[in-house]
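What follows is one structure encoded as structure tokens, with my remarks underneath.
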Amino acid sequence: MMTAALEVSSPVGLIAGGGVMPFAVADSLIARGVEPVVFALRGACDPVAVKRFRHHWISVGQIGRVARLSRAENCRDLVFIGALVRPALSEIRLDWGTLRVLGHVLAAFRGGDDHLLSGIGRIFEQYGFRMVGVKDVAPELLMPEGCLTRASPDQSAIADIAKGRDVLRALSPFDIGQAAVVIGGHVVGVEDIEGTDGLLARVARLRAEGRIRAPVSRGVLVKAPKSGQDLRFDLPTMGPRTVEGAALAQLAGIAIVAGNTLVAEPQAMIEAADAAGLFVTGLPV
């Protein structure tokens, strides 16, 4: 069942990283009659695609600037959306607003990505803003439950999916990653700082080197949010590029938790999976 969108005030501020998701969310808001204002992160957000929307450029660490601009734009609600490579502390451009809460920023950096994003989110809440998630403002972008493709998981894949979910639950307290690859009951890779694309490339390389000898078209990429994760931040994301990586890794398919995973370009993703003979299925929470 599709989650209802949260009632948000207009305009909504989108703190936007890389990829297509920030613009999909912005289009979804416009379709609901809500104006998006994009705060585009330099070095991450697409400088061409962002021109379609009212926007301001920001650098990582400019919390004070984002707060000032958000107030000037009358944005009460803010959303983090899009890909962002975790910066080193030395790469952050501190402004006066950030220096005022530097202790909180340093504390946020001491944990994993979920800890970092939720920590930064709490800082904005201290400034008086409301942090909302894509689940709240654009629920139609979330993965639905059930199989979306012509191919569907067989009994071997179902067993691999169950093991992958168990592995991700066990790793959740360590704030490591949101994906694992299981082939024939063996965990052959877990998402790390390289992300899902890097995980799939690693599995493809291990197959090419003969380190993975399981038959082709076996194994599953399983994606799920971490247990206890603040689902306003850093939801798992997949799209056509994920399907391409799974095909190169010679997997049988992809299983992702429904309602808690963002889907970029869903029609293109399904078409790519059907062309490659992969299944893509949404798992119950």
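Lettering and numbering for the structure tokens are positional, with chains as A, B, ... in the shown order, residues counted from 1 in each chain, and ligands counted from 1 in the shown order.
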
Pull the closest atom pair for each residue of range 44-69 of chain A that gets at most 9 Å from range 14-26 of chain A, along with the distance in Å to one decimal, counting only C-alpha atoms, ordering rows by chain and then ascending residue number, as CSV.
```
residue,atom,partner,partner_atom,distance
A:Ala44,CA,A:Gly18,CA,4.6
A:Cys45,CA,A:Gly18,CA,4.4
A:Asp46,CA,A:Gly18,CA,6.3
A:Ala49,CA,A:Phe23,CA,7.5
A:Val50,CA,A:Phe23,CA,7.4
A:Arg52,CA,A:Phe23,CA,8.9
A:Phe53,CA,A:Ala26,CA,8.0
A:Ile58,CA,A:Ile15,CA,8.9
A:Val66,CA,A:Ile15,CA,8.6
```

Please produce, as JSON lines, a per-residue contact table for range 108-215 of chain A versus range 75-79 of chain A (criterion: any atom at most 7 Å away, only C-alpha atoms considered), showing the nearest atom pair and its distance in Å to one decimal, sorted by chain then residue number.
```
{"residue": "A:Phe129", "atom": "CA", "partner": "A:Arg76", "partner_atom": "CA", "distance": 5.3}
{"residue": "A:Arg130", "atom": "CA", "partner": "A:Asp77", "partner_atom": "CA", "distance": 4.8}
{"residue": "A:Met131", "atom": "CA", "partner": "A:Leu78", "partner_atom": "CA", "distance": 5.0}
{"residue": "A:Val132", "atom": "CA", "partner": "A:Val79", "partner_atom": "CA", "distance": 5.4}
{"residue": "A:Gly133", "atom": "CA", "partner": "A:Val79", "partner_atom": "CA", "distance": 5.7}
```

Task: Backbone-only DSSP, strand (DSSP E or B) members of range 207-252 of chain A, as number ranges by chain - done: A: 220-223, 237-238

Task: Polymer residues at most 8 Å from Gly219 in chain A, only C-alpha atoms, same-chain spacing of 2 or more positions, as JSON, numbers by chain - done: {"A": [157, 160, 181, 182, 183, 184, 217, 221, 251, 252, 253]}

Open item on the list: Report as a list in words all protein, DNA and RNA residues lying within 6 Å of Ser59 in chain A, evaluated on only C-alpha atoms, omitting residues in the same chain fewer than 2 positions from it.
Closed with: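 The residues satisfying every condition are Leu41, Arg42 and Gln62 of chain A.
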
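Going from CA of Glu140 in chain A to CA of Arg71 in chain A covers 28.2 Å.
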
TODO: Find the spatial neighbours of Arg54 in chain A, counting only C-alpha atoms, within a cut-off of 8 Å - ignore same-chain residues fewer than 6 positions away - and output them as a ChimeraX atom specification.
DONE: /A:36-38

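Across the model, the gap from CA of Asp166 in chain A to CA of Gly146 in chain A is 19.5 Å.
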
Open item on the list: Taking only C-alpha atoms into account, name the residue in A:Val34, A:Ala214, A:Ala273, A:Val187 that is nearest to Leu168 in chain A.
Closed with: A:Val187

Task: Pick from A:Gly189, A:Pro153, A:Gly33, A:Pro173, whichever lies nearest to Gly277 in chain A using only C-alpha atoms - done: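 Of all the options, A:Pro153 lies closest to Gly277 in chain A.
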
Open item on the list: Applying 10 Å and only C-alpha atoms, which residues near Glu244 in chain A remain after dropping the ones on its own chain fewer than 6 positions away? List them as JSON, numbers by chain.
Closed with: {"A": [197, 200, 250, 269, 272, 273, 276, 278]}

Open item on the list: One number please: CA of Glu35 in chain A to CA of Ser10 in chain A, in Å, one decimal.
Closed with: 5.7 Å

Task: Shortest interatomic distance to Pro284 in chain A - which of A:Gln126, A:Thr196, A:Ser28, A:Thr261, counting only C-alpha atoms - done: A:Thr261

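For the choices A:Gly245, A:Gly43, A:Pro240, A:Gly13, the atom-to-atom distance to Ile81 in chain A is smallest for A:Gly13 when using only C-alpha atoms.
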
- [ ] Pick out the residues sitting within 12 Å of Ser227 in chain A, and hand them over as number ranges by chain; count only C-alpha atoms, and ignore anything fewer than 4 positions along from it in its own chain.
- [x] A: 114, 165-178, 231, 235, 260, 285

Dump as a short mmCIF file (atom, residue, chain, number, x, y, z; two decimals), in the first residue's frame, selection limited to N, CA, C and O atoms:
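Contents of result_37.cif, freshly written:
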```
data_model
loop_
_atom_site.label_atom_id
_atom_site.label_comp_id
_atom_site.auth_asym_id
_atom_site.auth_seq_id
_atom_site.Cartn_x
_atom_site.Cartn_y
_atom_site.Cartn_z
N ASP A 114 24.72 7.16 8.25
CA ASP A 114 23.41 7.46 8.85
C ASP A 114 23.57 8.37 10.05
O ASP A 114 22.80 9.31 10.24
N ARG A 165 19.05 -10.71 3.88
CA ARG A 165 18.35 -9.88 4.86
C ARG A 165 18.88 -10.14 6.27
O ARG A 165 19.05 -9.20 7.06
N ASP A 166 19.17 -11.40 6.57
CA ASP A 166 19.74 -11.71 7.88
C ASP A 166 21.08 -11.03 8.08
O ASP A 166 21.38 -10.49 9.15
N VAL A 167 21.93 -11.05 7.03
CA VAL A 167 23.25 -10.42 7.11
C VAL A 167 23.12 -8.92 7.34
O VAL A 167 23.80 -8.34 8.19
N LEU A 168 22.23 -8.27 6.60
CA LEU A 168 22.07 -6.83 6.72
C LEU A 168 21.53 -6.44 8.10
O LEU A 168 21.93 -5.43 8.67
N ARG A 169 20.62 -7.25 8.63
CA ARG A 169 20.13 -6.99 9.99
C ARG A 169 21.27 -7.08 11.00
O ARG A 169 21.38 -6.26 11.92
N ALA A 170 22.12 -8.10 10.83
CA ALA A 170 23.23 -8.29 11.78
C ALA A 170 24.24 -7.16 11.69
O ALA A 170 24.85 -6.78 12.71
N LEU A 171 24.43 -6.58 10.50
CA LEU A 171 25.42 -5.51 10.32
C LEU A 171 24.88 -4.14 10.69
O LEU A 171 25.65 -3.19 10.85
N SER A 172 23.56 -4.02 10.82
CA SER A 172 22.94 -2.71 11.05
C SER A 172 23.55 -1.92 12.21
O SER A 172 23.78 -0.71 12.09
N PRO A 173 23.84 -2.55 13.36
CA PRO A 173 24.37 -1.77 14.48
C PRO A 173 25.71 -1.10 14.18
O PRO A 173 26.10 -0.16 14.87
N PHE A 174 26.41 -1.58 13.14
CA PHE A 174 27.73 -1.05 12.84
C PHE A 174 27.69 0.05 11.77
O PHE A 174 28.73 0.61 11.43
N ASP A 175 26.47 0.36 11.23
CA ASP A 175 26.29 1.48 10.28
C ASP A 175 27.27 1.35 9.12
O ASP A 175 27.99 2.29 8.78
N ILE A 176 27.31 0.14 8.51
CA ILE A 176 28.29 -0.13 7.45
C ILE A 176 27.69 0.13 6.07
O ILE A 176 28.09 1.05 5.37
N GLY A 177 26.78 -0.71 5.65
CA GLY A 177 26.22 -0.58 4.31
C GLY A 177 24.79 -1.05 4.28
O GLY A 177 24.23 -1.51 5.28
N GLN A 178 24.18 -0.94 3.10
CA GLN A 178 22.76 -1.28 2.95
C GLN A 178 22.54 -2.33 1.88
O GLN A 178 21.42 -2.46 1.37
N LEU A 231 14.68 7.07 8.65
CA LEU A 231 14.34 6.90 7.25
C LEU A 231 14.09 8.22 6.52
O LEU A 231 13.74 8.22 5.35
N LEU A 235 18.15 6.91 2.37
CA LEU A 235 17.47 5.68 1.98
C LEU A 235 18.26 4.98 0.87
O LEU A 235 18.89 5.63 0.04
N ASN A 260 10.87 1.42 1.45
CA ASN A 260 12.03 2.03 2.10
C ASN A 260 13.22 2.16 1.16
O ASN A 260 14.35 2.34 1.62
N VAL A 285 8.34 -5.32 4.27
CA VAL A 285 9.18 -4.74 5.34
C VAL A 285 9.37 -5.76 6.43
O VAL A 285 8.45 -6.45 6.84
#
```
